[in-house]
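Trainee: Sending over a structure as structure tokens; questions will come in a sec.
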Amino acid sequence: MASGKLDWIDEEINLLKEQGFYKTLKTVGSANDAHFIVNGKEVLNFCSNNYLGFADHPRIKKAAKEAVDKYGVGAGAVRTISGNNIIHEELEKKLAEFKKAEAAILFQSGYCANIATIPVLVGEGDIIFSDELNHASIIDGCRLTKALIVRYKHNDVVDLEKQIKDNSKFRRGLIITDGVFSMDGDIAPLPKIVEVAEKYGLMTMVDDSHGEGVLGSNGRGIVDHFHLHGRVDVELGTLSKAFGVVGGFITGSQKVVDILKQKARPFLFSTSMSLVDTAACIEAVKVLGESDDLVKKLWANTKYFKEGMKELGFDIGKSETPITPVMLKDANLTREFSQALFEEGVLATAIVYPTVAKDMARIRVMPSASHSKDDLDKALAAFGKIGKAMKVIK
Ligand SMILES: Cc1ncc(COP(=O)(O)O)c(C=O)c1O
């Protein structure tokens, strides 16, 4: 066997380990509920994006089972060949109605929706103004274009306007931002961003992956939260977080959806969403549209948990949503803390570089609507005990 060629991998892996950035996967052996089995042990789940408990919801599971009998499992082809099933179109219609938009288009994931859409909106001679803390899938989508990418300071509309003035020669321009920032939980100042976009004739795109099921009426997301219907050109959603399944989508005007259907490469060159997932998502959208009880419970649990953490003396950043970053800064300390939590029966993952900056390691805690008060109290007690033992709090 040839030796030497792949030695660089050992060097890189060793470096990641030394720096505390090496990831090990834990194995889940049950549904992703508030309590679940991880590495063979029952623990409390405080790190899932399953905000509303839909990943194991009886109605949604039933819809998936029925779809298997009716349609089978896979779509069989890309949508433009023979994979465009009646239920893909039904889900698109339901999503457009739910988001109060003209039209919707499905993609295989939220990540995929970003890398599919951005290169259709802008290309050579164009410009993208992108928040410096945007999600990796937005960054990757931007990199797939030949447009000039200009980063503006996080949530800073004054800097955004300065960047637009400093870079005023372009064919088309796009401002792109996360709606809710996935690692910090703060919300983009979308009304001001839209004002700036309208002033300079720029397109706007918001990634609402962490806004759906959380913000707006019945969890319709950030555009609904700020009453900006019709003023944001492109809204991206994921079906993997509050909707509890998998998949991604774009909502916007009919013409935005039309051009994506013609030109978005993952739509044209990758098999469409599985029919099981599609049927489950249709039911998930129905469940969310019918009642906001779970959204209210999510917010009540979030408030209770955050107040408890503040009383204990933890730095939980500037989050305005359920995403609760427990700022420990040092990567090794963060990993040790997370491991100690696991030993106490709580899974809350360490988030380190490259997901966040090197000196901004944190444990990202995700309260959900499925947690009971007892679950929240147990998690708070575990944080308190370990925080004191590791001298993070007094
Ligand atoms: C802001 C944001 N956009 C996109 C994605 C990707 O979504 P998906 O998991 O559906 O690919 C995520 C998920 O981590 C996210 O947080």
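In the structure tokens, each chain is lettered A, B, ... as it comes, each chain's residues begin at 1, and ligands are numbered from 1 in order of appearance.
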Can you work out which residues are within 8 Å of ligand 1, considering only C-alpha atoms and all ligand atoms, and then hand them over as a count of residues only?

Mentor: 30

Trainee: Name the residues in contact with Glu283 (chain A) at a cut-off of 9 Å, using only C-alpha atoms, excluding same-chain residues fewer than 2 positions from it; report them as an NGL selection string.

Mentor: :A and (59-61 or 63-64 or 278-281 or 285-288)

Trainee: Please report as CSV every residue of region 169-288 of chain A lying within 9 Å of region 78-83 of chain A, along with the nearest atom pair and their distance in Å (one decimal), using only C-alpha atoms.

Mentor:
```
residue,atom,partner,partner_atom,distance
A:Lys261,CA,A:Thr80,CA,8.7
A:Pro266,CA,A:Val78,CA,8.9
A:Phe267,CA,A:Arg79,CA,7.0
A:Leu268,CA,A:Val78,CA,6.3
A:Phe269,CA,A:Val78,CA,6.4
A:Ser270,CA,A:Val78,CA,5.6
A:Thr271,CA,A:Val78,CA,4.1
A:Ser272,CA,A:Val78,CA,5.3
A:Met273,CA,A:Gly83,CA,9.0
```

Trainee: For Leu144 (chain A), which of A:Arg265, A:Asp224, A:Ala389, A:Gly40 is the closest residue, counting only C-alpha atoms?

Mentor: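 Among the listed residues, the smallest separation from Leu144 (chain A) belongs to A:Arg265.
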
Trainee: Using DSSP secondary structure from the backbone, list all helix (DSSP H, G or I) positions within region 12-195 of chain A, as a PyMOL selection string.

Mentor: chain A and resi 12-19+54-56+58-71+79-83+86-99+110-121+136-143+157-166+190-195

Trainee: Save the residues we just selected, C-alpha atoms, as a tab-separated table (two decimals), in the first residue's frame?

Mentor:
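And here's part-v6.tsv as it stands now:
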```
chain	number	residue	atom	x	y	z
A	12	GLU	CA	-4.82	17.48	10.66
A	13	ILE	CA	-6.76	15.14	12.94
A	14	ASN	CA	-4.08	15.39	15.64
A	15	LEU	CA	-4.14	19.17	15.40
A	16	LEU	CA	-7.93	19.23	15.74
A	17	LYS	CA	-7.65	17.01	18.83
A	18	GLU	CA	-4.96	19.21	20.40
A	19	GLN	CA	-7.06	22.32	19.83
A	54	PHE	CA	-42.96	17.19	15.75
A	55	ALA	CA	-40.15	14.67	15.10
A	56	ASP	CA	-42.18	12.07	17.02
A	58	PRO	CA	-48.45	10.83	16.38
A	59	ARG	CA	-50.37	12.57	13.57
A	60	ILE	CA	-47.22	13.25	11.58
A	61	LYS	CA	-45.98	9.68	11.97
A	62	LYS	CA	-49.38	8.36	10.88
A	63	ALA	CA	-49.30	10.51	7.73
A	64	ALA	CA	-45.83	9.13	6.89
A	65	LYS	CA	-46.99	5.52	7.37
A	66	GLU	CA	-50.04	6.05	5.15
A	67	ALA	CA	-47.89	7.64	2.45
A	68	VAL	CA	-45.65	4.57	2.33
A	69	ASP	CA	-48.66	2.40	1.46
A	70	LYS	CA	-49.99	4.82	-1.13
A	71	TYR	CA	-46.86	6.17	-2.81
A	79	ARG	CA	-38.81	16.56	-10.51
A	80	THR	CA	-38.28	17.54	-14.15
A	81	ILE	CA	-38.06	13.89	-15.23
A	82	SER	CA	-40.61	11.72	-13.39
A	83	GLY	CA	-40.19	12.60	-9.73
A	86	ILE	CA	-48.82	15.19	-6.49
A	87	ILE	CA	-47.83	15.45	-2.82
A	88	HIS	CA	-44.75	17.60	-3.61
A	89	GLU	CA	-47.12	20.08	-5.23
A	90	GLU	CA	-49.57	19.80	-2.33
A	91	LEU	CA	-46.82	20.57	0.18
A	92	GLU	CA	-45.67	23.58	-1.87
A	93	LYS	CA	-49.23	24.90	-1.93
A	94	LYS	CA	-49.62	24.37	1.83
A	95	LEU	CA	-46.29	26.08	2.57
A	96	ALA	CA	-47.12	29.09	0.40
A	97	GLU	CA	-50.48	29.44	2.18
A	98	PHE	CA	-48.88	29.01	5.61
A	99	LYS	CA	-46.22	31.63	4.90
A	110	GLY	CA	-32.44	23.87	4.04
A	111	TYR	CA	-28.74	23.71	3.17
A	112	CYS	CA	-29.66	22.64	-0.32
A	113	ALA	CA	-32.22	25.46	-0.66
A	114	ASN	CA	-29.47	28.00	0.06
A	115	ILE	CA	-26.92	26.58	-2.34
A	116	ALA	CA	-29.67	26.16	-4.95
A	117	THR	CA	-31.17	29.62	-4.72
A	118	ILE	CA	-28.38	32.14	-4.22
A	119	PRO	CA	-26.55	31.30	-7.48
A	120	VAL	CA	-29.81	31.80	-9.40
A	121	LEU	CA	-30.38	35.24	-7.89
A	136	ALA	CA	-22.55	28.17	6.66
A	137	SER	CA	-25.12	27.17	4.04
A	138	ILE	CA	-25.64	30.84	3.11
A	139	ILE	CA	-21.88	31.32	2.93
A	140	ASP	CA	-21.54	28.25	0.70
A	141	GLY	CA	-24.42	29.43	-1.49
A	142	CYS	CA	-22.69	32.80	-1.91
A	143	ARG	CA	-19.39	31.11	-2.76
A	157	VAL	CA	-27.74	48.34	9.35
A	158	VAL	CA	-25.52	51.44	9.46
A	159	ASP	CA	-22.55	49.34	8.33
A	160	LEU	CA	-24.76	47.65	5.72
A	161	GLU	CA	-25.65	51.03	4.22
A	162	LYS	CA	-21.99	52.11	4.31
A	163	GLN	CA	-20.97	48.94	2.45
A	164	ILE	CA	-23.65	49.58	-0.17
A	165	LYS	CA	-22.41	53.15	-0.69
A	166	ASP	CA	-18.76	51.98	-0.85
A	190	LEU	CA	-35.42	42.84	9.13
A	191	PRO	CA	-37.66	45.96	8.89
A	192	LYS	CA	-34.58	48.20	8.71
A	193	ILE	CA	-32.81	45.85	6.28
A	194	VAL	CA	-35.89	45.93	4.03
A	195	GLU	CA	-35.98	49.76	4.18
```

Trainee: Using only C-alpha atoms, which residue out of A:Asn32, A:Asn85, A:Thr334, A:Thr204 lies closest to His57 (chain A)?

Mentor: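 For His57 (chain A), the nearest of the given residues is A:Asn32.
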
Trainee: Find the residues near Phe36 (chain A): any atom within 12 Å, counting only C-alpha atoms, skip ones fewer than 5 places away on the same chain, and give them as a list in words.

Mentor: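 The residues satisfying every condition are Lys26, Thr27, Val28, Gly29, Ser30, Ala31, Lys41, Glu42, Val43, Leu44, Asn45, Phe46, Cys47, Ser48, Asp56, Gly345, Val346, Leu347, Ser370 and His371 of chain A.
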
Trainee: Given the choices A:Leu6, A:Val232, A:Asn167, A:Tyr152, which gets closest to Gly125 (chain A) if the distance is worked out from only C-alpha atoms?

Mentor: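 Under the stated criterion, the closest residue is A:Asn167.
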
Trainee: Within 12 Å of region 295-304 of chain A, counting only C-alpha atoms, which residues qualify if same-chain residues fewer than 3 places away don't, as a VMD selection string?

Mentor: chain A and resid 46 49 to 54 185 211 to 221 242 to 243 287 to 292 307 to 311 319 to 324 365 to 377 379 to 380

Trainee: Measuring atom to atom with only C-alpha atoms, identify which of A:Lys100, A:Lys23, A:Lys358, A:Lys169 is nearest to Ser253 (chain A).

Mentor: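 The answer is A:Lys100, which sits nearest to Ser253 (chain A).
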
Trainee: Let me make sure I understand: among A:Ile393, A:Met203, A:Val326, A:Val276, which one has the smallest atom-to-atom distance to Gly72 (chain A) if we use only C-alpha atoms?

Mentor: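 Checking each of A:Ile393, A:Met203, A:Val326, A:Val276 against Gly72 (chain A), counting only C-alpha atoms, the winner is A:Val276.
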